[in-house]
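Structure, as structure tokens:
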Amino acid sequence: MGRKSISHIRKPEILRHTYKVVEEEGFMGMTIGKVATRMGVNSGLLIHYFKSKEGLILEMVDYLYDSSMTIYLEELKKHTTPKERLEGLLDMVFDTSGNMPQRDAVFWSCYAMGFRNEQIREKIKGLMKKFIDFGMVEMEVWEENGLVNVPDKEKVAATILALSEGLGILRNSIDDMDTLKEISLFMKKTALAAMGVQDTPE
């Protein structure tokens with residue numbers, strides 16, 4: 001039990017430091033030794049928890065999801081009605097300010113590795129499914145409150161996810177903020193229309 005408790009405490013810390021190393025050096029430059037050095041611990045500790053670099057990368061996918069959702073859920077607590085929650089979530093999903101968790105270099109580096117590593121690919125697919133499932137649950141509440149009309153919630157949640165991922169790519173590709181905001185608004189209107197909301201904001 002002692003080791004399990006220590007693992008529960010230490011793993012998030014290890015993953016936070018791993019994220020920083022990958023952010024600075026990429027997955028190619030990241031090693032268990034570098035993460036351990038950054039933490040000021042023996043690399044054997046990390047090997048005990050993750051067995052290998054690949055094992056550490058696999059757990060990074062879960063960390064990316066958990067850290068993003070923690071921020072989203074904390075922000076959503078500020079909204080007290082389903083309508084506010086709908087509007088607030090779309091504002092976060094299509095944010096252009098860079099203040100909300102978006103797909104960054106660490107995520108895209110991990111995503112790219114999935115083309116060559118089946119285990120990482122399956123992990124990424126699982127991450128995307130979690131986002132889709134979350135969207136479906138949210139839509140059920142909005143529908144119960146007469147805000148949306150979504151017969152195929154899985155398809156629409158996947159569509160909104162695809163729009164959000166596309167915006168994440170554009171945020172790293174377009175320097176013109178006015179253009180990016182116009183695209184973001186168009187994507188938000190598209191998401192609302194997909195949920196059966198025709199009275200979209202200007």
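Naming scheme: A, B, ... for chains in displayed order of the structure tokens; residues 1 onward per chain; ligands 1 onward as shown.
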Tell me which protein, DNA and RNA residues are within 9 Å of stretch 28-32 of chain A, counting only C-alpha atoms, leaving out same-chain ones fewer than 6 positions away, and put them as a ChimeraX atom specification. /A:18,21-22,43-44,46-47,52-53,56
Include C-alpha atoms and write out the residues we just selected as a tab-separated table (two decimals), in the first residue's frame.
chain	number	residue	atom	x	y	z
A	18	THR	CA	7.94	15.62	-18.36
A	21	VAL	CA	11.02	18.86	-20.84
A	22	VAL	CA	9.01	17.94	-23.95
A	43	SER	CA	16.08	8.13	-12.70
A	44	GLY	CA	15.33	4.75	-11.12
A	46	LEU	CA	10.78	7.17	-12.85
A	47	ILE	CA	11.65	3.78	-14.31
A	52	SER	CA	10.34	3.00	-20.19
A	53	LYS	CA	10.27	6.25	-22.13
A	56	LEU	CA	5.97	7.72	-19.88
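Closest approach to A:Glu118 among A:Leu58, A:Leu76, A:Leu170, A:Met69 is made by A:Leu58 (distances from only C-alpha atoms).
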As a PyMOL selection string, please: every residue in stretch 26-176 of chain A that DSSP puts in helix (DSSP H, G or I). chain A and resi 26-29+32-39+43-50+53-76+82-93+105-113+118-144+153-171
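Closest approach to A:Leu161 among A:Val93, A:Ile124, A:Ala112, A:Ile174 is made by A:Val93 (distances from only C-alpha atoms).
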Skipping near chain neighbours, those fewer than 6 positions away, what residues fall within 10 Å of A:Phe107 using only C-alpha atoms, listed as a PyMOL selection string? chain A and resi 19+22-23+60-61+64-65+113+124
So that I can see what lies close to stretch 144-153 of chain A, please list as a short mmCIF file (atom, residue, chain, number, x, y, z; two decimals) with N, CA and C atoms, in the first residue's frame the residues with an atom at most 9 Å from it, counting only C-alpha atoms and leaving out residues fewer than 5 positions away in the same chain.
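Written out: out.cif:
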data_model
loop_
_atom_site.label_atom_id
_atom_site.label_comp_id
_atom_site.auth_asym_id
_atom_site.auth_seq_id
_atom_site.Cartn_x
_atom_site.Cartn_y
_atom_site.Cartn_z
N PRO A 82 -27.78 26.39 -17.61
CA PRO A 82 -27.39 25.64 -18.81
C PRO A 82 -27.04 26.55 -19.99
N LYS A 83 -27.79 27.65 -20.17
CA LYS A 83 -27.52 28.58 -21.27
C LYS A 83 -26.14 29.21 -21.11
N LEU A 86 -23.54 26.58 -21.89
CA LEU A 86 -23.42 26.37 -23.35
C LEU A 86 -22.55 27.46 -23.96
N ILE A 132 -15.40 13.73 -26.93
CA ILE A 132 -16.69 13.56 -27.59
C ILE A 132 -17.76 13.15 -26.59
N GLY A 135 -18.85 16.09 -24.57
CA GLY A 135 -19.74 16.94 -25.35
C GLY A 135 -21.15 16.37 -25.43
N MET A 136 -21.26 15.06 -25.55
CA MET A 136 -22.57 14.42 -25.63
C MET A 136 -23.35 14.61 -24.33
N VAL A 137 -22.67 14.48 -23.22
CA VAL A 137 -23.32 14.66 -21.92
C VAL A 137 -23.81 16.10 -21.76
N MET A 139 -24.61 18.17 -24.16
CA MET A 139 -25.73 18.39 -25.08
C MET A 139 -27.03 17.82 -24.54
N ALA A 158 -18.45 15.15 -32.35
CA ALA A 158 -17.23 14.91 -33.13
C ALA A 158 -16.98 16.06 -34.11
N LEU A 192 -23.04 25.92 -33.39
CA LEU A 192 -24.39 26.19 -32.92
C LEU A 192 -25.43 25.68 -33.92
N ALA A 194 -25.06 23.25 -36.00
CA ALA A 194 -25.03 21.79 -35.96
C ALA A 194 -25.87 21.26 -34.79
N MET A 195 -26.01 22.08 -33.73
CA MET A 195 -26.82 21.68 -32.58
C MET A 195 -28.27 22.16 -32.70
N GLY A 196 -28.62 22.71 -33.86
CA GLY A 196 -29.99 23.13 -34.08
C GLY A 196 -30.30 24.50 -33.54
N VAL A 197 -29.27 25.29 -33.25
CA VAL A 197 -29.48 26.66 -32.76
C VAL A 197 -29.29 27.58 -33.95
#
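Contact shell of A:Met92 at 12 Å (only C-alpha atoms; same-chain neighbours under 6 positions omitted): Ser68, Met69, Ile71, Tyr72, Leu73, Glu74, Glu75, Leu76, Arg85, Leu86, Gly98, Asn99, Met100, Pro101, Gln102, Ser164, Leu167, Gly168, Ser184 and Lys188 of chain A.
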Write the selection just made, keeping C-alpha atoms, as a PDB file, in the first residue's frame?
ATOM      1  CA  SER A  68      -7.184  20.346 -20.017  1.00  0.00           C
ATOM      2  CA  MET A  69     -10.422  19.102 -18.490  1.00  0.00           C
ATOM      3  CA  ILE A  71      -9.203  23.898 -16.433  1.00  0.00           C
ATOM      4  CA  TYR A  72     -12.407  23.600 -18.474  1.00  0.00           C
ATOM      5  CA  LEU A  73     -14.425  22.276 -15.536  1.00  0.00           C
ATOM      6  CA  GLU A  74     -13.135  24.956 -13.182  1.00  0.00           C
ATOM      7  CA  GLU A  75     -14.152  27.631 -15.682  1.00  0.00           C
ATOM      8  CA  LEU A  76     -17.571  26.051 -16.210  1.00  0.00           C
ATOM      9  CA  ARG A  85     -22.693  26.900 -19.638  1.00  0.00           C
ATOM     10  CA  LEU A  86     -23.417  26.374 -23.347  1.00  0.00           C
ATOM     11  CA  GLY A  98      -4.405  31.663 -25.874  1.00  0.00           C
ATOM     12  CA  ASN A  99      -5.603  31.769 -22.265  1.00  0.00           C
ATOM     13  CA  MET A 100      -7.549  28.513 -22.477  1.00  0.00           C
ATOM     14  CA  PRO A 101      -5.969  25.066 -22.933  1.00  0.00           C
ATOM     15  CA  GLN A 102      -5.480  24.479 -26.628  1.00  0.00           C
ATOM     16  CA  SER A 164     -11.875  23.066 -32.389  1.00  0.00           C
ATOM     17  CA  LEU A 167      -8.768  26.223 -34.883  1.00  0.00           C
ATOM     18  CA  GLY A 168      -5.895  24.928 -32.764  1.00  0.00           C
ATOM     19  CA  SER A 184     -13.353  31.441 -34.781  1.00  0.00           C
ATOM     20  CA  LYS A 188     -18.771  28.869 -33.362  1.00  0.00           C
TER      21      LYS A 188
END
Among listed residues A:Leu45, A:Val106, A:Leu185, A:Met128, nearest A:Glu25 (using only C-alpha atoms): A:Val106
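When only C-alpha atoms are used to measure the gap to A:Asp62, the shortest distance among A:Met177, A:Ile120, A:Phe94, A:Ile160 belongs to A:Ile120.
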